[in-house]
>>> print(open('coords-v3.csv').read())   # CSV, C-alpha atoms and all ligand atoms
chain,number,residue,atom,x,y,z
A,16,MET,CA,-69.0,200.4,130.7
A,17,THR,CA,-66.3,202.3,128.8
A,18,TYR,CA,-62.6,202.3,129.7
A,19,ASN,CA,-59.8,204.7,128.9
A,20,PHE,CA,-57.9,203.3,125.9
A,21,ALA,CA,-55.8,200.3,127.2
A,22,PHE,CA,-57.3,200.8,130.7
A,23,LEU,CA,-54.7,203.0,132.3
A,24,ASP,CA,-55.1,206.8,132.4
A,25,GLU,CA,-52.9,208.9,130.1
A,26,ASP,CA,-50.8,210.4,132.9
A,27,THR,CA,-49.9,206.9,134.1
A,28,LYS,CA,-49.0,205.8,130.6
A,29,ARG,CA,-46.8,208.9,130.1
A,30,MET,CA,-45.0,208.0,133.4
A,31,LEU,CA,-44.5,204.4,132.2
A,32,ARG,CA,-43.2,205.6,128.8
A,33,ARG,CA,-40.7,207.9,130.5
A,34,ALA,CA,-39.4,205.1,132.7
A,35,LEU,CA,-39.2,202.8,129.6
A,36,LEU,CA,-37.2,205.4,127.8
A,37,LYS,CA,-34.7,205.5,130.7
A,38,ALA,CA,-34.6,201.7,130.7
A,39,VAL,CA,-33.8,201.6,127.0
A,40,ALA,CA,-31.1,204.3,127.5
A,41,ILE,CA,-29.4,202.2,130.3
A,42,PRO,CA,-29.7,198.6,129.1
A,43,GLY,CA,-30.3,196.1,132.0
A,44,TYR,CA,-30.7,198.8,134.6
A,45,GLN,CA,-33.7,198.5,136.9
A,46,VAL,CA,-35.8,201.7,136.7
A,47,PRO,CA,-38.4,202.3,139.5
A,48,PHE,CA,-41.9,203.2,138.5
A,49,GLY,CA,-45.2,203.9,140.1
A,50,SER,CA,-46.9,200.6,139.7
A,51,ARG,CA,-50.7,200.8,139.6
A,52,GLU,CA,-53.4,198.5,140.9
A,53,MET,CA,-54.6,196.3,138.1
A,54,PRO,CA,-57.8,194.3,137.9
A,55,LEU,CA,-55.7,191.1,138.3
A,56,PRO,CA,-53.7,190.0,141.4
A,57,TYR,CA,-49.9,190.4,141.5
A,58,GLY,CA,-48.3,187.3,140.1
A,59,TRP,CA,-50.6,187.4,137.1
A,60,GLY,CA,-48.3,189.6,135.1
A,61,THR,CA,-49.4,193.1,136.3
A,62,GLY,CA,-45.9,194.5,135.4
A,63,GLY,CA,-46.1,193.2,131.9
A,64,ILE,CA,-49.7,194.3,131.5
A,65,GLN,CA,-48.8,197.9,132.5
A,66,VAL,CA,-45.9,198.0,130.0
A,67,THR,CA,-48.2,196.6,127.3
A,68,ALA,CA,-50.9,199.2,128.2
A,69,ALA,CA,-48.3,202.0,127.9
A,70,LEU,CA,-47.2,200.8,124.4
A,71,LEU,CA,-50.4,199.7,122.7
A,72,GLY,CA,-51.8,201.8,119.9
A,73,PRO,CA,-55.0,201.2,118.0
A,74,ASP,CA,-53.2,199.5,115.1
A,75,ASP,CA,-51.2,197.1,117.2
A,76,VAL,CA,-51.7,193.3,117.0
A,77,LEU,CA,-51.3,191.7,120.3
A,78,LYS,CA,-50.2,188.1,121.1
A,79,VAL,CA,-50.0,186.8,124.7
A,80,ILE,CA,-48.2,183.6,125.7
A,81,ASP,CA,-47.8,181.8,129.0
A,82,GLN,CA,-45.0,179.1,129.1
A,83,GLY,CA,-45.1,179.3,125.3
A,84,ALA,CA,-48.8,178.6,124.9
A,85,ASP,CA,-51.5,180.9,123.7
A,86,ASP,CA,-54.4,178.9,125.2
A,87,THR,CA,-53.6,178.8,128.9
A,88,THR,CA,-55.6,180.7,131.5
A,89,ASN,CA,-53.2,183.6,132.0
A,90,ALA,CA,-52.6,184.2,128.3
A,91,VAL,CA,-56.3,183.9,127.4
A,92,ASN,CA,-57.4,186.4,130.1
A,93,ILE,CA,-54.7,189.0,129.4
A,94,ARG,CA,-55.5,188.8,125.6
A,95,ARG,CA,-59.2,189.1,126.3
A,96,PHE,CA,-58.6,192.0,128.7
A,97,PHE,CA,-56.8,194.1,126.0
A,98,ALA,CA,-59.3,193.1,123.4
A,99,ARG,CA,-61.9,194.6,125.7
A,100,VAL,CA,-60.2,197.7,127.0
A,101,ALA,CA,-58.2,198.7,123.9
A,102,GLY,CA,-60.2,197.0,121.1
A,103,VAL,CA,-56.9,195.9,119.5
A,104,THR,CA,-56.6,192.9,117.2
A,105,THR,CA,-55.2,189.8,118.8
A,106,THR,CA,-53.4,186.9,117.3
A,107,GLU,CA,-51.8,183.6,118.2
A,108,ARG,CA,-49.3,183.9,115.3
A,109,THR,CA,-45.9,185.1,116.3
A,110,ALA,CA,-45.2,186.5,112.8
A,111,GLU,CA,-48.4,188.6,112.8
A,112,ALA,CA,-47.9,190.2,116.2
A,113,THR,CA,-46.5,193.7,116.7
A,114,LEU,CA,-46.4,193.3,120.5
A,115,ILE,CA,-46.0,190.0,122.3
A,116,GLN,CA,-46.5,189.8,126.1
A,117,THR,CA,-44.9,186.7,127.6
A,118,ARG,CA,-44.5,184.7,130.7
A,119,HIS,CA,-41.6,182.3,130.9
A,120,ARG,CA,-40.7,181.8,127.2
A,121,ILE,CA,-39.4,183.5,124.1
A,122,PRO,CA,-41.1,182.4,120.9
A,123,GLU,CA,-39.2,179.9,118.8
A,124,THR,CA,-40.0,181.9,115.6
A,125,SER,CA,-37.3,184.6,115.2
A,126,LEU,CA,-38.5,188.0,116.1
A,127,ARG,CA,-38.1,191.1,113.9
A,128,GLU,CA,-37.2,194.8,114.3
A,129,ASP,CA,-40.8,195.8,114.2
A,130,GLN,CA,-41.8,193.6,117.1
A,131,ILE,CA,-41.6,194.3,120.9
A,132,LEU,CA,-41.5,191.5,123.4
A,133,VAL,CA,-42.8,192.4,126.9
A,134,PHE,CA,-41.9,190.0,129.8
A,135,GLN,CA,-43.8,189.5,133.0
A,136,VAL,CA,-41.2,189.5,135.8
A,137,PRO,CA,-41.8,188.2,139.3
A,138,GLU,CA,-38.4,189.2,140.7
A,139,PRO,CA,-36.3,191.8,138.8
A,140,GLU,CA,-33.3,191.6,141.1
A,141,PRO,CA,-30.9,188.8,140.0
A,142,LEU,CA,-29.0,189.2,143.3
A,143,ARG,CA,-32.0,189.0,145.6
A,144,THR,CA,-31.6,185.3,146.7
A,145,LEU,CA,-27.9,186.1,147.4
A,146,GLU,CA,-28.4,189.5,149.1
A,147,PRO,CA,-31.8,190.3,150.6
A,148,ARG,CA,-31.1,194.0,151.3
A,149,GLU,CA,-32.2,196.3,148.4
A,150,ALA,CA,-29.8,199.1,149.3
A,151,GLU,CA,-26.9,196.6,149.2
A,152,THR,CA,-27.9,195.2,145.8
A,153,ARG,CA,-28.1,198.7,144.4
A,154,THR,CA,-24.6,199.4,145.6
A,155,LEU,CA,-23.3,196.1,144.1
A,156,HIS,CA,-24.9,197.1,140.7
A,157,ALA,CA,-23.4,200.6,141.0
A,158,LEU,CA,-19.9,199.0,141.5
A,159,ALA,CA,-20.6,196.3,138.9
A,160,ASP,CA,-19.5,193.9,141.7
A,161,TYR,CA,-21.0,190.6,140.7
A,162,GLY,CA,-18.7,188.3,142.6
A,163,LEU,CA,-21.6,186.9,144.6
A,164,MET,CA,-23.2,185.5,141.5
A,165,HIS,CA,-20.0,184.0,140.3
A,166,VAL,CA,-19.5,182.3,143.6
A,167,LYS,CA,-23.0,180.9,143.5
A,168,LEU,CA,-22.4,179.5,140.0
A,169,TYR,CA,-19.0,178.1,141.2
A,170,GLU,CA,-20.7,176.4,144.2
A,171,ASP,CA,-23.1,174.7,141.7
A,172,ILE,CA,-20.1,173.3,139.8
A,173,ALA,CA,-18.4,172.2,143.1
A,174,GLN,CA,-21.6,170.5,144.3
A,175,TYR,CA,-23.1,169.1,141.1
A,176,GLY,CA,-20.3,169.2,138.6
A,177,HIS,CA,-22.2,171.6,136.4
A,178,ILE,CA,-24.1,174.9,136.7
A,179,ALA,CA,-27.5,173.7,138.0
A,180,THR,CA,-29.5,176.9,137.3
A,181,SER,CA,-31.9,175.9,134.4
A,182,TYR,CA,-34.2,179.0,134.3
A,183,ASP,CA,-33.8,182.7,135.2
A,184,TYR,CA,-30.2,182.2,134.3
A,185,PRO,CA,-28.3,185.4,135.0
A,186,VAL,CA,-27.1,187.5,132.1
A,187,LEU,CA,-24.8,190.5,131.7
A,188,VAL,CA,-26.4,193.1,129.5
A,189,ASP,CA,-24.2,195.3,127.3
A,190,GLY,CA,-21.2,194.3,129.4
A,191,ARG,CA,-22.4,196.3,132.3
A,192,PHE,CA,-25.6,195.3,134.3
A,193,LEU,CA,-26.3,191.8,135.7
A,194,THR,CA,-29.9,191.2,134.8
A,195,SER,CA,-32.6,188.7,135.4
A,196,PRO,CA,-34.0,187.4,132.0
A,197,SER,CA,-37.2,186.6,134.0
A,198,PRO,CA,-38.0,182.9,134.6
A,199,ILE,CA,-37.4,181.8,131.0
A,200,PRO,CA,-35.6,178.5,130.6
A,201,LYS,CA,-31.8,179.0,129.9
A,202,PHE,CA,-32.7,177.4,126.5
A,203,ASP,CA,-34.0,180.9,125.5
A,204,ASN,CA,-31.1,182.9,126.8
A,205,PRO,CA,-29.2,182.9,123.4
A,206,LYS,CA,-32.3,184.5,121.8
A,207,LEU,CA,-31.7,187.6,124.0
A,208,ASP,CA,-28.3,188.3,122.4
A,209,HIS,CA,-28.4,190.8,119.6
A,210,SER,CA,-32.2,190.4,119.2
A,211,PRO,CA,-33.6,192.6,116.5
A,212,ALA,CA,-36.8,193.1,118.6
A,213,LEU,CA,-36.9,195.4,121.6
A,214,MET,CA,-37.2,193.5,124.9
A,215,LEU,CA,-39.0,195.1,127.8
A,216,PHE,CA,-39.4,193.7,131.3
A,217,GLY,CA,-42.1,194.8,133.9
A,218,ALA,CA,-42.3,193.7,137.5
A,219,GLY,CA,-45.5,195.0,139.0
A,220,ARG,CA,-45.2,194.0,142.6
A,221,GLU,CA,-41.5,195.1,142.8
A,222,LYS,CA,-42.2,198.3,140.8
A,223,ARG,CA,-39.3,197.9,138.4
A,224,LEU,CA,-38.9,198.1,134.7
A,225,TYR,CA,-35.8,197.3,132.6
A,226,ALA,CA,-35.0,196.8,128.9
A,227,ILE,CA,-32.7,195.1,126.4
A,228,PRO,CA,-32.6,197.3,123.4
A,229,PRO,CA,-32.4,195.8,119.9
A,230,TYR,CA,-29.0,194.3,118.9
A,231,THR,CA,-27.6,194.6,122.5
A,232,LYS,CA,-24.9,192.1,123.6
A,233,VAL,CA,-26.3,189.7,126.2
A,234,GLU,CA,-23.9,187.2,127.8
A,235,SER,CA,-25.0,184.3,130.0
A,236,LEU,CA,-22.6,184.1,132.9
A,237,ALA,CA,-20.2,181.2,132.7
A,238,PHE,CA,-16.6,180.1,133.3
A,239,GLU,CA,-13.9,179.4,130.7
A,240,ASP,CA,-13.7,175.7,131.7
A,241,HIS,CA,-17.5,175.5,132.2
A,242,PRO,CA,-19.1,177.3,129.2
A,243,PHE,CA,-22.7,178.2,129.1
A,244,GLU,CA,-24.9,175.3,127.7
A,245,ILE,CA,-28.6,175.1,126.9
A,246,GLN,CA,-30.9,172.2,127.6
A,247,ARG,CA,-31.0,169.3,125.1
A,248,TRP,CA,-33.5,166.5,124.7
A,249,GLU,CA,-33.2,162.9,123.5
A,250,HIS,CA,-36.7,163.3,122.2
A,251,GLN,CA,-38.3,165.2,119.4
A,252,CYS,CA,-41.8,166.8,119.5
A,253,GLU,CA,-44.3,164.0,119.0
A,254,LEU,CA,-46.7,166.4,117.2
A,255,CYS,CA,-44.5,168.2,114.7
A,256,GLY,CA,-41.2,166.3,114.9
A,257,SER,CA,-39.1,169.3,115.8
A,258,GLY,CA,-35.7,168.5,117.3
A,259,GLU,CA,-34.8,172.2,117.9
A,260,SER,CA,-37.6,173.5,120.0
A,261,TYR,CA,-38.0,173.7,123.8
A,262,LEU,CA,-40.0,170.6,124.8
A,263,ASP,CA,-42.6,170.1,127.6
A,264,GLU,CA,-43.1,166.6,129.0
A,265,VAL,CA,-46.9,166.0,129.4
A,266,ILE,CA,-48.7,163.0,130.9
A,267,VAL,CA,-51.5,161.9,128.6
A,268,ASP,CA,-53.4,159.2,130.4
A,269,ASP,CA,-54.0,157.6,133.9
A,270,ARG,CA,-51.3,155.1,133.4
A,271,GLY,CA,-48.7,157.8,133.3
A,272,THR,CA,-47.8,157.6,129.6
A,273,ARG,CA,-45.6,160.6,128.7
A,274,MET,CA,-45.0,162.5,125.6
A,275,PHE,CA,-42.8,165.4,124.6
A,276,VAL,CA,-44.3,168.3,122.8
A,277,CYS,CA,-43.3,171.8,121.8
A,278,SER,CA,-43.8,174.4,124.6
A,279,ASP,CA,-44.5,177.0,121.8
A,280,THR,CA,-48.0,176.1,120.6
A,281,ASP,CA,-47.9,178.5,117.6
A,282,PHE,CA,-44.6,177.2,116.4
A,283,CYS,CA,-45.8,173.6,116.7
A,284,GLY,CA,-49.1,174.3,115.0
A,285,GLN,CA,-47.4,176.1,112.1
A,286,ARG,CA,-45.0,173.2,111.5
A,287,ARG,CA,-47.9,170.7,111.5
A,288,ALA,CA,-49.8,172.9,109.0
A,289,GLU,CA,-46.7,173.0,106.7
A,290,VAL,CA,-46.4,169.2,106.8
A,291,GLN,CA,-50.1,168.8,105.8
A,292,ALA,CA,-49.9,171.3,103.0
U,1,ZN,ZN,-44.0,170.5,118.0
>>> encode(input="coords-v3.csv", output="C-alpha cells")
Amino acid sequence: MTYNFAFLDEDTKRMLRRALLKAVAIPGYQVPFGSREMPLPYGWGTGGIQVTAALLGPDDVLKVIDQGADDTTNAVNIRRFFARVAGVTTTERTAEATLIQTRHRIPETSLREDQILVFQVPEPEPLRTLEPREAETRTLHALADYGLMHVKLYEDIAQYGHIATSYDYPVLVDGRFLTSPSPIPKFDNPKLDHSPALMLFGAGREKRLYAIPPYTKVESLAFEDHPFEIQRWEHQCELCGSGESYLDEVIVDDRGTRMFVCSDTDFCGQRRAEVQA
C-alpha cells in the first residue's frame, strides 16, 4: 500500500498551511480549520498530527514525545506512522530533530531557531471551563476581556492561598490573546516566552490551530502580590541527578517504593551518557 507523502492529500495540506500562516500572523488567535479524519481516534493527537503532516518535508527529522518520553505508546505510534507514510528520519534526540511533536511537555534541552514544536491540544479555548458558549468566548477574545480568568485565579488564592492551577496555566501571547499552552505543566510556561523555535498548536476535535511565533512575549497570568511561580521539588532525578528538570514520581515495586526521575527521557539519558564518558 502506498500513501500520499505524509498521509494527507496536497489540497488538505495547503489548507492547513494557509491556516498556520494566519495563526503565525495573529499570535495566540485560534484559527478554524477543516480537521480531517485520521487513522487514530480523537484524543490521540490528531490536531498535532495534521499540523506535522502539513509541515514535514523529506529532509525533516522528526521527534515525538508524550509527557516528555519518546518510548510511550502515543509517541511510538505517531513516530512509526510518519516513518511509514512520509519515510522521514526519526530521532529521540531533541538536538537532532527539526520538527518535534509533543503531548504535555516542552523538552528540557533549549530549542533553536531551526526547530518547530507542534503541540497536541485537547481544548484550545482557555475560557471554556468558565464560559461554555463558543460565541461568547469569541466576543470576549475580540474585546480582550479576560476578567473571568482573573476572577478564577483570584478565587484560587482566596480558597487555597495560592494559584492552584498547575498545568494548562493560561498565558497572554504578545500582550493580546489569552491562550491555552495545552496541558503542559506550568513548569514549562517560561520556555514559551521569547522561544527561538516556532510553536504551533493543533486541536483536531475542536478544529482549531494557533501559534506562538519565535521571540514572542508570553506572560503567565498572575497578580502583583501573587507572582507566577513554577513547581519545585525537594528531590533530584535519581537516574541523572538533575535538580533543574521536571520530575515524575514513579512507583518501582509492589511495596510502593517511589523514586523521582526526569520526565524528559532524552534529557535524562544524555546527562547519564555524559557522566559515564
Ligand atoms: Zn534525570
>>> closest_residue(input="coords-v3.csv", among="A:Asn92, A:Ile266, A:Ala84, A:Arg127", to="ligand ZN 1 (chain U)", atoms="all atoms listed in the file")
A:Ala84
>>> closest_residue(input="coords-v3.csv", among="A:Asp240, A:Glu289, A:Asp268, A:Asp189", to="Pro42 of chain A", atoms="all atoms listed in the file")
A:Asp189
>>> residues_near_ligand(input="coords-v3.csv", ligand="ligand ZN 1 (chain U)", cutoff="8 Å", atoms="all atoms listed in the file", output="list in words")
Gln251, Cys252, Glu253, Leu254, Cys255, Gly256, Ser257, Ser260, Leu262, Val276, Cys277, Ser278, Asp279, Thr280, Phe282, Cys283, Gly284, Arg286 and Arg287 of chain A
>>> residues_around(input="coords-v3.csv", residues="Lys201 of chain A", least_positions_apart="3", cutoff="10 Å", atoms="all atoms listed in the file", output="PDB file with C-alpha atoms, in the frame of the given file")
ATOM      1  CA  ARG A 120     -40.700 181.800 127.200  1.00  0.00           C
ATOM      2  CA  THR A 180     -29.500 176.900 137.300  1.00  0.00           C
ATOM      3  CA  SER A 181     -31.900 175.900 134.400  1.00  0.00           C
ATOM      4  CA  TYR A 182     -34.200 179.000 134.300  1.00  0.00           C
ATOM      5  CA  ASP A 183     -33.800 182.700 135.200  1.00  0.00           C
ATOM      6  CA  TYR A 184     -30.200 182.200 134.300  1.00  0.00           C
ATOM      7  CA  PRO A 185     -28.300 185.400 135.000  1.00  0.00           C
ATOM      8  CA  VAL A 186     -27.100 187.500 132.100  1.00  0.00           C
ATOM      9  CA  PRO A 196     -34.000 187.400 132.000  1.00  0.00           C
ATOM     10  CA  PRO A 198     -38.000 182.900 134.600  1.00  0.00           C
ATOM     11  CA  ASN A 204     -31.100 182.900 126.800  1.00  0.00           C
ATOM     12  CA  PRO A 205     -29.200 182.900 123.400  1.00  0.00           C
ATOM     13  CA  LYS A 206     -32.300 184.500 121.800  1.00  0.00           C
ATOM     14  CA  SER A 235     -25.000 184.300 130.000  1.00  0.00           C
ATOM     15  CA  PHE A 243     -22.700 178.200 129.100  1.00  0.00           C
ATOM     16  CA  GLU A 244     -24.900 175.300 127.700  1.00  0.00           C
ATOM     17  CA  ILE A 245     -28.600 175.100 126.900  1.00  0.00           C
ATOM     18  CA  GLN A 246     -30.900 172.200 127.600  1.00  0.00           C
TER      19      GLN A 246
END
>>> closest_residue(input="coords-v3.csv", among="A:Pro242, A:Gly43, A:Pro200, A:Gly258", to="Pro228 of chain A", atoms="all atoms listed in the file")
A:Gly43
>>> closest_residue(input="coords-v3.csv", among="A:Ala150, A:Val136, A:Ala292, A:Leu155", to="Gly62 of chain A", atoms="all atoms listed in the file")
A:Val136
>>> residues_around(input="coords-v3.csv", residues="His156 of chain A", least_positions_apart="3", cutoff="9 Å", atoms="only C-alpha atoms", output="ChimeraX atom specification")
/A:44,151-153,159-161,191-193
>>> build_atoms(input="coords-v3.csv", residues="segment 261-287 of chain A", atoms="N, CA and C atoms", output="CSV table (one decimal), in the coordinates of the input")
chain,number,residue,atom,x,y,z
A,261,TYR,N,-38.0,174.0,122.4
A,261,TYR,CA,-38.0,173.7,123.8
A,261,TYR,C,-39.2,172.8,124.0
A,262,LEU,N,-39.0,171.6,124.7
A,262,LEU,CA,-40.0,170.6,124.8
A,262,LEU,C,-40.6,170.5,126.2
A,263,ASP,N,-41.9,170.4,126.3
A,263,ASP,CA,-42.6,170.1,127.6
A,263,ASP,C,-42.9,168.6,127.6
A,264,GLU,N,-42.8,168.0,128.8
A,264,GLU,CA,-43.1,166.6,129.0
A,264,GLU,C,-44.5,166.6,129.6
A,265,VAL,N,-45.5,166.0,128.9
A,265,VAL,CA,-46.9,166.0,129.4
A,265,VAL,C,-47.3,164.5,129.6
A,266,ILE,N,-48.1,164.3,130.6
A,266,ILE,CA,-48.7,163.0,130.9
A,266,ILE,C,-50.1,162.9,130.3
A,267,VAL,N,-50.3,161.9,129.4
A,267,VAL,CA,-51.5,161.9,128.6
A,267,VAL,C,-52.6,161.0,129.0
A,268,ASP,N,-52.3,160.1,130.0
A,268,ASP,CA,-53.4,159.2,130.4
A,268,ASP,C,-53.2,158.8,131.9
A,269,ASP,N,-54.1,158.0,132.4
A,269,ASP,CA,-54.0,157.6,133.9
A,269,ASP,C,-52.9,156.7,134.2
A,270,ARG,N,-52.4,156.0,133.2
A,270,ARG,CA,-51.3,155.1,133.4
A,270,ARG,C,-49.9,155.8,133.4
A,271,GLY,N,-49.9,157.1,133.3
A,271,GLY,CA,-48.7,157.8,133.3
A,271,GLY,C,-47.9,157.8,132.0
A,272,THR,N,-48.5,157.6,130.9
A,272,THR,CA,-47.8,157.6,129.6
A,272,THR,C,-47.4,159.1,129.4
A,273,ARG,N,-46.2,159.2,128.9
A,273,ARG,CA,-45.6,160.6,128.7
A,273,ARG,C,-45.4,160.9,127.3
A,274,MET,N,-45.5,162.1,126.9
A,274,MET,CA,-45.0,162.5,125.6
A,274,MET,C,-44.4,163.9,125.7
A,275,PHE,N,-43.5,164.1,124.7
A,275,PHE,CA,-42.8,165.4,124.6
A,275,PHE,C,-43.4,166.2,123.5
A,276,VAL,N,-43.8,167.4,123.8
A,276,VAL,CA,-44.3,168.3,122.8
A,276,VAL,C,-43.7,169.7,122.9
A,277,CYS,N,-43.8,170.5,121.8
A,277,CYS,CA,-43.3,171.8,121.8
A,277,CYS,C,-44.0,172.6,122.9
A,278,SER,N,-43.2,173.5,123.6
A,278,SER,CA,-43.8,174.4,124.6
A,278,SER,C,-44.5,175.5,123.8
A,279,ASP,N,-43.9,175.9,122.6
A,279,ASP,CA,-44.5,177.0,121.8
A,279,ASP,C,-45.6,176.5,120.9
A,280,THR,N,-46.8,176.7,121.3
A,280,THR,CA,-48.0,176.1,120.6
A,280,THR,C,-48.1,176.6,119.2
A,281,ASP,N,-47.8,177.9,119.0
A,281,ASP,CA,-47.9,178.5,117.6
A,281,ASP,C,-46.9,177.9,116.7
A,282,PHE,N,-45.7,177.8,117.2
A,282,PHE,CA,-44.6,177.2,116.4
A,282,PHE,C,-44.9,175.8,116.0
A,283,CYS,N,-45.4,175.0,116.9
A,283,CYS,CA,-45.8,173.6,116.7
A,283,CYS,C,-46.9,173.5,115.7
A,284,GLY,N,-47.9,174.3,115.9
A,284,GLY,CA,-49.1,174.3,115.0
A,284,GLY,C,-48.7,174.7,113.5
A,285,GLN,N,-47.8,175.7,113.4
A,285,GLN,CA,-47.4,176.1,112.1
A,285,GLN,C,-46.6,175.0,111.4
A,286,ARG,N,-45.8,174.3,112.1
A,286,ARG,CA,-45.0,173.2,111.5
A,286,ARG,C,-45.9,172.1,111.1
A,287,ARG,N,-46.9,171.8,111.9
A,287,ARG,CA,-47.9,170.7,111.5
A,287,ARG,C,-48.7,171.1,110.2
